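For reference, final-v2.cif (mmCIF, C-alpha atoms):
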```cif
data_entry
#
loop_
_atom_site.label_atom_id
_atom_site.label_comp_id
_atom_site.auth_asym_id
_atom_site.auth_seq_id
_atom_site.Cartn_x
_atom_site.Cartn_y
_atom_site.Cartn_z
CA MET I 1 64.63 -81.29 106.19
CA TYR I 2 63.53 -82.52 109.64
CA PRO I 3 59.88 -83.21 110.50
CA ASP I 4 60.35 -81.35 113.82
CA PRO I 5 63.45 -79.12 113.97
CA LYS I 6 63.12 -78.77 117.76
CA ARG I 7 63.95 -82.48 118.13
CA VAL I 8 67.44 -82.00 116.68
CA ARG I 9 69.93 -82.36 119.54
CA ASP I 10 72.13 -79.32 119.10
CA ILE I 11 72.26 -77.96 122.68
CA ARG I 12 75.32 -78.96 124.66
CA LEU I 13 75.37 -79.54 128.38
CA THR I 14 78.60 -79.81 130.33
CA ILE I 15 78.96 -81.82 133.52
CA ARG I 16 82.01 -82.34 135.67
CA VAL I 17 82.87 -85.76 137.08
CA ASN I 18 85.90 -87.09 138.91
CA ASP I 19 88.10 -89.94 137.71
CA TYR I 20 86.12 -92.59 139.62
CA GLU I 21 82.80 -91.40 138.26
CA TRP I 22 84.19 -91.24 134.72
CA ASP I 23 85.58 -94.77 134.99
CA PHE I 24 82.18 -96.00 136.18
CA ILE I 25 80.36 -94.22 133.34
CA GLN I 26 82.78 -95.65 130.77
CA GLN I 27 82.42 -99.17 132.16
CA MET I 28 78.63 -98.94 132.03
CA ALA I 29 78.70 -97.59 128.47
CA ASN I 30 81.10 -100.30 127.34
CA ALA I 31 78.94 -103.01 128.93
CA ARG I 32 75.87 -101.64 127.15
CA GLY I 33 77.70 -101.03 123.87
CA GLU I 34 76.81 -97.34 123.85
CA GLN I 35 78.57 -94.01 123.78
CA PRO I 36 78.91 -92.56 127.32
CA SER I 37 77.20 -89.29 126.41
CA SER I 38 74.20 -90.96 124.78
CA MET I 39 73.81 -93.40 127.65
CA PHE I 40 74.07 -90.63 130.23
CA ARG I 41 71.51 -88.47 128.38
CA GLU I 42 69.08 -91.39 128.25
CA MET I 43 69.58 -92.22 131.93
CA GLY I 44 69.21 -88.58 132.93
CA MET I 45 65.97 -88.18 131.01
CA LYS I 46 64.53 -91.38 132.50
CA GLU I 47 65.37 -90.19 136.01
CA ALA I 48 63.92 -86.73 135.34
CA LEU I 49 60.67 -88.23 134.04
CA ARG I 50 60.50 -90.61 137.01
CA SER I 51 61.05 -87.72 139.38
CA VAL I 52 58.26 -85.66 137.81
CA ALA I 53 55.90 -88.65 137.87
CA THR I 54 56.54 -89.35 141.56
CA GLU I 55 56.05 -85.67 142.44
CA GLN I 56 52.64 -85.82 140.80
CA ASP I 57 51.74 -89.17 142.40
CA PRO I 58 53.93 -90.00 145.45
CA SER I 59 52.45 -93.51 145.67
CA LEU I 60 54.37 -94.40 142.46
CA GLU I 61 57.68 -94.24 144.33
CA GLN I 62 56.40 -96.62 147.00
CA ARG I 63 55.19 -99.08 144.35
CA ALA I 64 58.51 -98.91 142.48
CA ALA I 65 60.52 -99.71 145.63
#
```
Would you mind giving the structure from this file in structure tokens?
Amino acid sequence: MYPDPKRVRDIRLTIRVNDYEWDFIQQMANARGEQPSSMFREMGMKEALRSVATEQDPSLEQRAA
């Protein structure tokens, strides 16, 4: 059915945010035309990958700044 069943997104992750954070997330998602959860997942993965990359090569963070 799926070429790679491990790529099916069926694991849920719960986060807790306050009203101000939620309003900000919703505004960003609306501006981008995306669902808040999809946008947040994408942003979280980008940040995680960036963090791993800068741990492996600290000079990347200096170049990105």
Give me, as a short mmCIF file (atom, residue, chain, number, x, y, z; two decimals) with C-alpha atoms, keeping the file's coordinate frame, all polymer residues having an atom no more than 12 Å from Leu13 (chain I), counting all atoms listed in the file and skipping those fewer than 2 positions away in the same chain.
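The new file around_26.cif reads:
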```cif
data_model
loop_
_atom_site.label_atom_id
_atom_site.label_comp_id
_atom_site.auth_asym_id
_atom_site.auth_seq_id
_atom_site.Cartn_x
_atom_site.Cartn_y
_atom_site.Cartn_z
CA ARG I 9 69.93 -82.36 119.54
CA ASP I 10 72.13 -79.32 119.10
CA ILE I 11 72.26 -77.96 122.68
CA ILE I 15 78.96 -81.82 133.52
CA ARG I 16 82.01 -82.34 135.67
CA SER I 37 77.20 -89.29 126.41
CA PHE I 40 74.07 -90.63 130.23
CA ARG I 41 71.51 -88.47 128.38
CA GLY I 44 69.21 -88.58 132.93
#
```
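Going from CA of Ser38 (chain I) to CA of Ile25 (chain I) covers 11.0 Å.
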Could you jot down the CA of Asn30 (chain I) to CA of Lys46 (chain I) separation for me, Å, one decimal place? 19.5 Å
Could you jot down the CA of Pro3 (chain I) to CA of Val52 (chain I) separation for me, Å, one decimal place? 27.5 Å
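Proximity ranking of I:Ala53, I:Lys6, I:Ala48, I:Trp22 relative to Pro36 (chain I) places I:Trp22 first, based on only C-alpha atoms.
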